[in-house]
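Listing of structure.txt, compact mmCIF, C-alpha atoms
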# COMPACT_ATOMS: atom_id res chain seq x y z
CA MET Z 24 27.76 -50.23 16.15
CA SER Z 25 31.12 -51.85 15.63
CA ARG Z 26 29.43 -54.73 13.80
CA GLU Z 27 29.88 -55.11 10.12
CA PHE Z 28 28.78 -57.71 7.60
CA HIS Z 29 30.60 -58.90 4.53
CA VAL Z 30 28.91 -58.90 1.16
CA TYR Z 31 30.42 -60.86 -1.72
CA PRO Z 32 29.59 -60.10 -5.34
CA ILE Z 33 27.78 -63.05 -6.92
CA GLY Z 34 28.15 -61.58 -10.40
CA HIS Z 35 28.21 -58.31 -12.31
CA VAL Z 36 26.25 -56.27 -14.81
CA ARG Z 37 27.10 -55.86 -18.48
CA SER Z 38 25.27 -52.80 -19.71
CA GLY Z 39 25.67 -49.79 -21.98
CA ILE Z 40 25.44 -47.36 -19.05
CA VAL Z 41 28.84 -45.83 -18.43
CA ASP Z 42 28.21 -43.01 -15.96
CA MET Z 43 26.14 -42.43 -12.88
CA ALA Z 44 24.48 -39.19 -14.02
CA SER Z 45 22.63 -40.96 -16.78
CA ALA Z 46 21.98 -44.22 -14.96
CA PRO Z 47 19.24 -43.64 -12.39
CA ARG Z 48 15.80 -44.57 -13.68
CA GLN Z 49 17.10 -44.63 -17.21
CA GLY Z 50 17.14 -48.39 -17.40
CA ARG Z 51 13.48 -48.85 -16.68
CA GLU Z 52 12.31 -45.79 -18.55
CA ALA Z 53 14.33 -46.60 -21.61
CA GLY Z 54 13.62 -50.33 -21.48
CA LEU Z 55 17.36 -50.96 -21.70
CA VAL Z 56 18.49 -54.55 -22.09
CA SER Z 57 21.46 -55.64 -19.96
CA GLU Z 58 23.13 -58.88 -19.01
CA ILE Z 59 23.96 -60.21 -15.59
CA GLU Z 60 26.82 -62.67 -15.41
CA ILE Z 61 26.62 -64.84 -12.32
CA TYR Z 62 29.94 -66.32 -11.21
CA PRO Z 63 30.32 -70.09 -11.68
CA GLN Z 64 30.38 -70.91 -7.96
CA TYR Z 65 26.88 -69.42 -7.62
CA ALA Z 66 25.40 -70.77 -10.86
CA ASP Z 67 23.58 -73.61 -9.07
CA ALA Z 68 21.67 -71.02 -7.07
CA LEU Z 69 19.94 -69.89 -10.31
CA ASP Z 70 18.24 -73.25 -10.82
CA GLY Z 71 14.62 -72.79 -11.88
CA ILE Z 72 14.83 -69.03 -12.33
CA ALA Z 73 14.05 -69.19 -16.06
CA GLY Z 74 10.40 -69.64 -15.14
CA ARG Z 75 10.19 -66.16 -13.60
CA ALA Z 76 8.80 -63.14 -15.41
CA ARG Z 77 10.28 -60.46 -13.16
CA LEU Z 78 13.27 -60.35 -10.82
CA LEU Z 79 14.51 -58.03 -8.12
CA VAL Z 80 18.19 -57.34 -8.74
CA PHE Z 81 20.31 -56.08 -5.86
CA THR Z 82 23.52 -54.30 -6.78
CA TRP Z 83 26.34 -52.68 -4.87
CA MET Z 84 26.72 -49.10 -6.11
CA ASP Z 85 30.43 -48.91 -5.51
CA ARG Z 86 30.87 -45.31 -6.67
CA ALA Z 87 28.51 -43.92 -4.02
CA ASP Z 88 29.31 -41.43 -1.27
CA ARG Z 89 28.43 -43.35 1.89
CA ASP Z 90 28.88 -40.41 4.25
CA MET Z 91 26.12 -38.29 2.77
CA ARG Z 92 23.09 -37.87 5.05
CA LYS Z 93 20.98 -35.34 3.13
CA ILE Z 94 20.63 -34.57 -0.55
CA VAL Z 95 18.56 -32.46 -2.92
CA PRO Z 96 16.56 -35.06 -4.84
CA ARG Z 97 16.78 -35.02 -8.62
CA GLY Z 98 13.82 -34.35 -10.85
CA ILE Z 99 11.58 -32.71 -8.25
CA GLU Z 100 11.31 -28.99 -8.94
CA GLY Z 101 11.80 -26.80 -5.91
CA ALA Z 102 12.74 -29.70 -3.65
CA GLY Z 103 15.01 -28.89 -0.73
CA LEU Z 104 17.43 -31.06 1.21
CA THR Z 105 15.98 -34.34 2.39
CA GLY Z 106 17.40 -37.41 4.11
CA VAL Z 107 19.10 -39.90 1.79
CA LEU Z 108 16.91 -42.72 3.18
CA ASN Z 109 13.90 -40.75 1.90
CA THR Z 110 15.29 -40.93 -1.66
CA ARG Z 111 16.59 -43.52 -4.08
CA THR Z 112 20.02 -41.90 -4.40
CA PRO Z 113 23.00 -44.26 -4.56
CA ASN Z 114 24.62 -42.02 -1.91
CA ARG Z 115 23.54 -43.74 1.31
CA PRO Z 116 25.20 -45.54 4.22
CA ASN Z 117 24.99 -48.93 2.50
CA PRO Z 118 24.82 -48.32 -1.26
CA ILE Z 119 22.52 -51.19 -2.16
CA GLY Z 120 20.71 -50.74 -5.46
CA LEU Z 121 17.35 -52.36 -6.13
CA CYS Z 122 15.86 -52.79 -9.59
CA ASN Z 123 12.70 -54.56 -10.63
CA VAL Z 124 13.52 -56.01 -14.04
CA GLU Z 125 11.91 -58.15 -16.69
CA LEU Z 126 13.68 -61.46 -17.24
CA VAL Z 127 14.19 -61.87 -20.99
CA ASN Z 128 16.43 -64.91 -21.20
CA VAL Z 129 18.58 -67.30 -19.20
CA SER Z 130 21.58 -68.95 -20.81
CA GLY Z 131 23.67 -70.90 -18.33
CA ASN Z 132 24.95 -68.40 -15.80
CA VAL Z 133 24.00 -65.33 -17.85
CA LEU Z 134 20.66 -63.58 -17.38
CA THR Z 135 19.36 -61.12 -19.96
CA VAL Z 136 17.08 -58.54 -18.37
CA ARG Z 137 15.19 -55.42 -19.42
CA GLY Z 138 15.01 -52.31 -17.23
CA LEU Z 139 18.13 -52.57 -15.10
CA ASP Z 140 19.53 -49.20 -13.93
CA ALA Z 141 23.15 -50.12 -13.41
CA ILE Z 142 26.48 -48.99 -14.73
CA ASP Z 143 28.51 -51.51 -16.72
CA GLY Z 144 30.54 -53.62 -14.30
CA THR Z 145 28.35 -52.96 -11.25
CA PRO Z 146 28.58 -55.84 -8.76
CA VAL Z 147 25.41 -57.90 -8.27
CA ILE Z 148 24.90 -59.05 -4.69
CA ASP Z 149 21.49 -60.74 -4.72
CA ILE Z 150 18.64 -61.73 -7.00
CA LYS Z 151 15.14 -62.58 -5.81
CA PRO Z 152 11.98 -63.48 -7.69
CA TYR Z 153 9.50 -60.58 -7.76
CA ILE Z 154 6.36 -61.83 -6.04
CA ARG Z 155 3.45 -59.47 -6.44
CA GLU Z 156 1.73 -60.30 -3.17
CA LEU Z 157 4.91 -59.56 -1.21
CA ASP Z 158 6.42 -56.69 -3.14
CA GLU Z 159 3.57 -54.54 -4.33
CA MET W 25 36.02 -62.86 -6.67
CA SER W 26 38.25 -61.79 -3.83
CA ARG W 27 36.32 -58.51 -3.54
CA GLU W 28 34.09 -57.93 -0.60
CA PHE W 29 32.03 -54.99 0.57
CA HIS W 30 31.32 -53.94 4.11
CA VAL W 31 27.78 -53.35 5.29
CA TYR W 32 27.13 -51.49 8.52
CA PRO W 33 23.85 -51.80 10.42
CA ILE W 34 22.04 -48.46 10.46
CA GLY W 35 19.57 -49.71 13.05
CA HIS W 36 17.66 -52.76 14.19
CA VAL W 37 14.18 -54.22 14.39
CA ARG W 38 12.08 -54.50 17.52
CA SER W 39 9.39 -57.08 16.87
CA GLY W 40 7.50 -59.90 18.48
CA ILE W 41 8.97 -62.49 16.10
CA VAL W 42 11.47 -64.66 17.94
CA ASP W 43 12.26 -67.49 15.54
CA MET W 44 12.91 -67.93 11.88
CA ALA W 45 10.41 -70.70 11.26
CA SER W 46 7.49 -68.44 12.01
CA ALA W 47 8.94 -65.28 10.52
CA PRO W 48 8.77 -65.48 6.75
CA ARG W 49 5.69 -63.84 5.29
CA GLN W 50 4.07 -63.76 8.69
CA GLY W 51 4.68 -60.07 9.13
CA ARG W 52 2.81 -59.00 6.08
CA GLU W 53 0.10 -61.62 6.31
CA ALA W 54 -0.56 -60.96 9.94
CA GLY W 55 -0.22 -57.19 9.63
CA LEU W 56 2.26 -57.25 12.50
CA VAL W 57 3.41 -53.91 13.87
CA SER W 58 7.14 -53.55 14.56
CA GLU W 59 9.53 -50.77 15.33
CA ILE W 60 12.78 -49.88 13.62
CA GLU W 61 15.30 -48.01 15.70
CA ILE W 62 17.77 -46.07 13.57
CA TYR W 63 21.08 -45.34 15.28
CA PRO W 64 21.70 -41.67 16.15
CA GLN W 65 24.52 -41.16 13.64
CA TYR W 66 22.10 -42.02 10.82
CA ALA W 67 19.05 -40.16 12.14
CA ASP W 68 19.59 -37.16 9.81
CA ALA W 69 19.24 -39.51 6.86
CA LEU W 70 15.56 -40.04 7.81
CA ASP W 71 14.65 -36.40 7.23
CA GLY W 72 11.34 -36.11 5.38
CA ILE W 73 10.48 -39.80 5.54
CA ALA W 74 7.34 -39.22 7.63
CA GLY W 75 5.57 -38.17 4.42
CA ARG W 76 5.89 -41.65 2.92
CA ALA W 77 3.12 -44.23 2.98
CA ARG W 78 5.23 -47.31 2.25
CA LEU W 79 8.90 -48.14 2.70
CA LEU W 80 11.24 -50.85 1.51
CA VAL W 81 13.16 -52.16 4.50
CA PHE W 82 16.43 -54.00 3.88
CA THR W 83 17.64 -56.26 6.66
CA TRP W 84 20.62 -58.52 7.22
CA MET W 85 19.35 -61.99 8.07
CA ASP W 86 22.24 -62.92 10.26
CA ARG W 87 21.07 -66.42 11.11
CA ALA W 88 21.08 -67.55 7.47
CA ASP W 89 23.11 -70.36 5.93
CA ARG W 90 25.11 -68.57 3.23
CA ASP W 91 26.56 -71.70 1.67
CA MET W 92 23.25 -73.15 0.59
CA ARG W 93 22.72 -73.18 -3.20
CA LYS W 94 19.47 -75.15 -3.53
CA ILE W 95 16.48 -75.54 -1.27
CA VAL W 96 13.01 -77.06 -1.22
CA PRO W 97 10.76 -74.00 -1.10
CA ARG W 98 8.22 -73.77 1.69
CA GLY W 99 4.52 -73.71 1.09
CA ILE W 100 4.52 -75.12 -2.44
CA GLU W 101 3.17 -78.65 -2.43
CA GLY W 102 5.26 -81.13 -4.37
CA ALA W 103 8.02 -78.64 -5.06
CA GLY W 104 11.50 -80.07 -5.55
CA LEU W 105 14.90 -78.54 -5.03
CA THR W 106 15.34 -75.15 -6.63
CA GLY W 107 18.09 -72.52 -6.59
CA VAL W 108 18.06 -70.22 -3.57
CA LEU W 109 18.07 -67.18 -5.89
CA ASN W 110 14.77 -68.46 -7.29
CA THR W 111 13.22 -68.25 -3.80
CA ARG W 112 12.85 -65.76 -0.97
CA THR W 113 14.66 -67.96 1.54
CA PRO W 114 17.02 -66.18 3.96
CA ASN W 115 19.58 -68.86 3.09
CA ARG W 116 21.45 -67.25 0.19
CA PRO W 117 24.98 -66.00 -0.53
CA ASN W 118 24.23 -62.51 0.79
CA PRO W 119 21.34 -62.79 3.25
CA ILE W 120 19.66 -59.48 2.48
CA GLY W 121 16.01 -59.35 3.48
CA LEU W 122 13.53 -57.09 1.68
CA CYS W 123 10.15 -56.13 3.09
CA ASN W 124 7.60 -53.72 1.72
CA VAL W 125 5.99 -52.19 4.81
CA GLU W 126 3.41 -49.59 5.69
CA LEU W 127 4.83 -46.62 7.59
CA VAL W 128 2.61 -46.03 10.61
CA ASN W 129 4.54 -43.45 12.59
CA VAL W 130 7.87 -41.66 12.89
CA SER W 131 9.07 -40.47 16.27
CA GLY W 132 12.60 -39.13 16.17
CA ASN W 133 14.82 -42.02 15.09
CA VAL W 134 12.15 -44.70 15.63
CA LEU W 135 9.88 -45.82 12.80
CA THR W 136 6.71 -47.79 13.50
CA VAL W 137 5.81 -50.04 10.56
CA ARG W 138 3.21 -52.66 9.71
CA GLY W 139 4.08 -55.83 7.81
CA LEU W 140 7.76 -56.33 8.56
CA ASP W 141 8.94 -59.98 8.46
CA ALA W 142 11.92 -59.79 10.74
CA ILE W 143 13.06 -61.42 13.93
CA ASP W 144 13.49 -59.16 16.96
CA GLY W 145 16.97 -57.65 16.87
CA THR W 146 17.52 -58.11 13.12
CA PRO W 147 19.98 -55.53 11.76
CA VAL W 148 18.54 -52.98 9.34
CA ILE W 149 20.94 -52.03 6.55
CA ASP W 150 18.91 -49.73 4.28
CA ILE W 151 15.52 -48.07 3.93
CA LYS W 152 14.13 -46.68 0.70
CA PRO W 153 10.81 -45.08 -0.15
CA TYR W 154 8.55 -47.45 -2.08
CA ILE W 155 7.85 -45.78 -5.42
CA ARG W 156 5.15 -47.54 -7.40
CA GLU W 157 6.44 -46.67 -10.86
CA LEU W 158 9.86 -48.11 -10.01
CA ASP W 159 8.98 -51.06 -7.82
CA GLU W 160 5.78 -52.53 -9.17
Re-express the file's structure as structure tokens.
Amino acid sequence: MSREFHVYPIGHVRSGIVDMASAPRQGREAGLVSEIEIYPQYADALDGIAGRARLLVFTWMDRADRDMRKIVPRGIEGAGLTGVLNTRTPNRPNPIGLCNVELVNVSGNVLTVRGLDAIDGTPVIDIKPYIRELDE
Amino acid sequence: MSREFHVYPIGHVRSGIVDMASAPRQGREAGLVSEIEIYPQYADALDGIAGRARLLVFTWMDRADRDMRKIVPRGIEGAGLTGVLNTRTPNRPNPIGLCNVELVNVSGNVLTVRGLDAIDGTPVIDIKPYIRELDE
């Protein structure tokens, strides 16, 4: 229980989303285009990624309340309190965000993606190729 | 660049997988059944999860090589070196594992799941409901 692991940002998001209330699900629903800047020391790790159609983008939702255990989920009429792990709220013990995005372009260490739900400046902590047979 | 975030295990995996070489993809392909024990202080955060059919399980692959930037992917004949972020290798800057699993049973703070690719004892750092319209 006393263990902890250290996560380092590998980049950050550049998007037009400025506040949390409007961010969740908006990216995908609105087809918003964002950029992900990967820091130079990780740029080599992107090699070959331009061939991918979809990516899983992992972010660190640094404005989240990590002590919350239950929440009333948004957008479900009449819903009562439910555990945060049963929702996609950013408010969870480890505020890791996951977005399935369309890869639009790769230019050096900058990825252009469509459908990312992330506030401008959000740290990116991992990127994986979306592989239908594993992820669906 | 000097920023870091702290991740705390919320539980761990109990599985029959004892080494990394046999772990990747085996869980899902073999339909392996595993258990996830969530620690008592996070048990409230599971409330309502028994109604879910599929979950996304986030693990911390603590045996990974975090300094690796390129790798020869497994299982693709003739493949050359490619960036780790273009693969699902555990060896990546932040070794976060993602598995889409079937939820078989919930008993208190223990989840029984089918299709988890994780070595026995692997720390679990997040669980989210799989929501087709977001994740597919």
Self-check item: Pick from Z:Asp140, Z:Asp90, Z:Glu125, Z:Asp67, whichever lies nearest to Ser38 in chain Z using only C-alpha atoms
Solution: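 The answer is Z:Asp140, which sits nearest to Ser38 in chain Z.
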Exercise. Identify which of the residues Z:Val129, Z:Ala102, Z:Met84, Z:Cys122 lies closest to Ile142 in chain Z, counting all atoms listed in the file when measuring atom-to-atom distances.
Key: Z:Met84
Considering all atoms listed in the file, tabulate each residue of chain Z that lies at most 6 Å from chain W along with its nearest interatomic pair and the corresponding distance in Å to one decimal; arrange the rows by chain and ascending residue number and present them as JSON lines.
{"residue": "Z:Glu27", "atom": "CA", "partner": "W:Tyr32", "partner_atom": "CA", "distance": 4.8}
{"residue": "Z:Phe28", "atom": "CA", "partner": "W:Val31", "partner_atom": "CA", "distance": 5.0}
{"residue": "Z:His29", "atom": "CA", "partner": "W:His30", "partner_atom": "CA", "distance": 5.0}
{"residue": "Z:Val30", "atom": "CA", "partner": "W:Phe29", "partner_atom": "CA", "distance": 5.0}
{"residue": "Z:Tyr31", "atom": "CA", "partner": "W:Glu28", "partner_atom": "CA", "distance": 4.8}
{"residue": "Z:Asp67", "atom": "CA", "partner": "W:Arg93", "partner_atom": "CA", "distance": 5.9}
{"residue": "Z:Ala68", "atom": "CA", "partner": "W:Gly107", "partner_atom": "CA", "distance": 3.9}
{"residue": "Z:Leu69", "atom": "CA", "partner": "W:Gly107", "partner_atom": "CA", "distance": 4.9}
{"residue": "Z:Asp70", "atom": "CA", "partner": "W:Gly107", "partner_atom": "CA", "distance": 4.3}
{"residue": "Z:Gly71", "atom": "CA", "partner": "W:Thr106", "partner_atom": "CA", "distance": 5.8}
{"residue": "Z:Ile72", "atom": "CA", "partner": "W:Asn110", "partner_atom": "CA", "distance": 5.1}
{"residue": "Z:Arg92", "atom": "CA", "partner": "W:Ala69", "partner_atom": "CA", "distance": 4.6}
{"residue": "Z:Lys93", "atom": "CA", "partner": "W:Ala69", "partner_atom": "CA", "distance": 5.9}
{"residue": "Z:Thr105", "atom": "CA", "partner": "W:Asp71", "partner_atom": "CA", "distance": 5.4}
{"residue": "Z:Gly106", "atom": "CA", "partner": "W:Ala69", "partner_atom": "CA", "distance": 3.9}
{"residue": "Z:Val107", "atom": "CA", "partner": "W:Ala69", "partner_atom": "CA", "distance": 5.1}
{"residue": "Z:Leu108", "atom": "CA", "partner": "W:Ala69", "partner_atom": "CA", "distance": 5.4}
{"residue": "Z:Asn109", "atom": "CA", "partner": "W:Ile73", "partner_atom": "CA", "distance": 5.1}
{"residue": "Z:Asn117", "atom": "CA", "partner": "W:Val31", "partner_atom": "CA", "distance": 5.9}
{"residue": "Z:Asn123", "atom": "CA", "partner": "W:Asp159", "partner_atom": "CA", "distance": 5.8}
{"residue": "Z:Ile150", "atom": "CA", "partner": "W:Leu109", "partner_atom": "CA", "distance": 5.6}
{"residue": "Z:Lys151", "atom": "CA", "partner": "W:Leu109", "partner_atom": "CA", "distance": 5.5}
{"residue": "Z:Pro152", "atom": "CA", "partner": "W:Asn110", "partner_atom": "CA", "distance": 5.7}
{"residue": "Z:Asp158", "atom": "CA", "partner": "W:Asn124", "partner_atom": "CA", "distance": 5.8}
{"residue": "Z:Glu159", "atom": "CA", "partner": "W:Glu160", "partner_atom": "CA", "distance": 5.7}
Self-check item: Gap from CA of Val136 in chain Z to CA of Ile59 in chain Z - Å, one decimal
Solution: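 CA of Ile59 in chain Z lies at a distance of 7.6 Å from CA of Val136 in chain Z.
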Quiz item: So, counting all atoms listed in the file, which residue among Z:Arg37, Z:Gly144, Z:Asn132, Z:Val127 is closest to Ala76 in chain Z?
Solution: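 Of Z:Arg37, Z:Gly144, Z:Asn132, Z:Val127, the one nearest Ala76 in chain Z, counting all atoms listed in the file, is Z:Val127.
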Practice problem: Work out how far apart CA of Glu60 in chain Z and CA of Thr82 in chain Z are and give it in Å to one decimal. | Solution: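 Computing it gives 12.5 Å between the two atoms.
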Quiz item: To one decimal place, how far is CA of Arg137 in chain Z from CA of Val36 in chain Z in Å?
Solution: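 Answer for the CA of Arg137 in chain Z to CA of Val36 in chain Z separation: 12.0 Å.
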Quiz item: With all atoms listed in the file as the basis for distance, which of W:Asn129, W:Thr136, W:Pro114, W:Ser58 is at the shortest distance from Asp89 in chain W?
Solution: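 Distance minimum relative to Asp89 in chain W lands on W:Pro114.
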Rebuild all heavy atoms on range 108-119 of chain Z, as a CSV table (one decimal), in the frame of the given file?
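The resulting file, rebuild34.csv, is reproduced below:
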chain,number,residue,atom,x,y,z
Z,108,LEU,N,17.8,-41.5,3.1
Z,108,LEU,CA,16.9,-42.7,3.2
Z,108,LEU,C,15.5,-42.4,2.7
Z,108,LEU,O,14.7,-43.3,2.5
Z,108,LEU,CB,16.9,-43.2,4.6
Z,108,LEU,CG,18.2,-43.7,5.2
Z,108,LEU,CD1,18.1,-44.1,6.7
Z,108,LEU,CD2,18.9,-44.8,4.4
Z,109,ASN,N,15.2,-41.1,2.5
Z,109,ASN,CA,13.9,-40.8,1.9
Z,109,ASN,C,14.0,-40.6,0.4
Z,109,ASN,O,13.1,-40.0,-0.2
Z,109,ASN,CB,13.4,-39.4,2.6
Z,109,ASN,CG,12.0,-39.0,2.1
Z,109,ASN,OD1,11.2,-39.9,2.0
Z,109,ASN,ND2,11.8,-37.8,2.0
Z,110,THR,N,15.1,-41.0,-0.2
Z,110,THR,CA,15.3,-40.9,-1.7
Z,110,THR,C,15.8,-42.3,-2.2
Z,110,THR,O,16.2,-43.1,-1.4
Z,110,THR,CB,16.3,-39.8,-2.0
Z,110,THR,OG1,17.6,-40.3,-1.8
Z,110,THR,CG2,16.0,-38.5,-1.3
Z,111,ARG,N,16.0,-42.3,-3.5
Z,111,ARG,CA,16.6,-43.5,-4.1
Z,111,ARG,C,18.0,-43.2,-4.5
Z,111,ARG,O,18.6,-44.0,-5.3
Z,111,ARG,CB,15.7,-44.0,-5.3
Z,111,ARG,CG,14.3,-44.3,-4.8
Z,111,ARG,CD,14.2,-45.6,-4.0
Z,111,ARG,NE,14.4,-46.8,-4.8
Z,111,ARG,CZ,13.4,-47.7,-5.1
Z,111,ARG,NH1,12.2,-47.5,-4.5
Z,111,ARG,NH2,13.6,-48.7,-5.8
Z,112,THR,N,18.6,-42.2,-4.0
Z,112,THR,CA,20.0,-41.9,-4.4
Z,112,THR,C,20.9,-43.1,-4.1
Z,112,THR,O,20.8,-43.8,-3.1
Z,112,THR,CB,20.5,-40.6,-3.6
Z,112,THR,OG1,21.9,-40.4,-4.0
Z,112,THR,CG2,20.4,-40.8,-2.1
Z,113,PRO,N,22.0,-43.3,-4.9
Z,113,PRO,CA,23.0,-44.3,-4.6
Z,113,PRO,C,23.8,-43.8,-3.3
Z,113,PRO,O,24.4,-44.7,-2.7
Z,113,PRO,CB,23.9,-44.3,-5.8
Z,113,PRO,CG,23.1,-43.6,-6.9
Z,113,PRO,CD,22.2,-42.6,-6.2
Z,114,ASN,N,23.8,-42.5,-3.0
Z,114,ASN,CA,24.6,-42.0,-1.9
Z,114,ASN,C,23.9,-42.2,-0.6
Z,114,ASN,O,23.0,-41.5,-0.2
Z,114,ASN,CB,24.9,-40.5,-2.1
Z,114,ASN,CG,25.6,-40.3,-3.4
Z,114,ASN,OD1,26.6,-40.9,-3.7
Z,114,ASN,ND2,25.1,-39.4,-4.3
Z,115,ARG,N,24.2,-43.3,0.1
Z,115,ARG,CA,23.5,-43.7,1.3
Z,115,ARG,C,24.5,-44.6,2.1
Z,115,ARG,O,25.5,-45.1,1.6
Z,115,ARG,CB,22.3,-44.5,1.0
Z,115,ARG,CG,22.4,-45.6,0.0
Z,115,ARG,CD,21.2,-46.0,-0.9
Z,115,ARG,NE,20.0,-46.1,0.0
Z,115,ARG,CZ,18.9,-45.3,-0.2
Z,115,ARG,NH1,18.9,-44.4,-1.1
Z,115,ARG,NH2,17.9,-45.4,0.6
Z,116,PRO,N,24.2,-44.8,3.4
Z,116,PRO,CA,25.2,-45.5,4.2
Z,116,PRO,C,25.6,-46.9,3.7
Z,116,PRO,O,26.8,-47.2,3.7
Z,116,PRO,CB,24.5,-45.7,5.6
Z,116,PRO,CG,23.5,-44.5,5.6
Z,116,PRO,CD,23.1,-44.3,4.2
Z,117,ASN,N,24.7,-47.7,3.2
Z,117,ASN,CA,25.0,-48.9,2.5
Z,117,ASN,C,24.4,-48.8,1.1
Z,117,ASN,O,23.2,-48.9,0.9
Z,117,ASN,CB,24.4,-50.1,3.3
Z,117,ASN,CG,25.0,-50.3,4.6
Z,117,ASN,OD1,26.2,-50.5,4.7
Z,117,ASN,ND2,24.2,-50.2,5.7
Z,118,PRO,N,25.3,-48.6,0.1
Z,118,PRO,CA,24.8,-48.3,-1.3
Z,118,PRO,C,24.3,-49.5,-2.0
Z,118,PRO,O,24.9,-50.0,-3.0
Z,118,PRO,CB,26.1,-47.7,-1.9
Z,118,PRO,CG,27.2,-48.4,-1.2
Z,118,PRO,CD,26.8,-48.6,0.2
Z,119,ILE,N,23.2,-50.0,-1.5
Z,119,ILE,CA,22.5,-51.2,-2.2
Z,119,ILE,C,21.5,-50.7,-3.2
Z,119,ILE,O,20.6,-49.9,-2.8
Z,119,ILE,CB,21.8,-52.1,-1.1
Z,119,ILE,CG1,22.8,-52.6,-0.1
Z,119,ILE,CG2,21.0,-53.2,-1.8
Z,119,ILE,CD1,22.2,-53.3,1.1
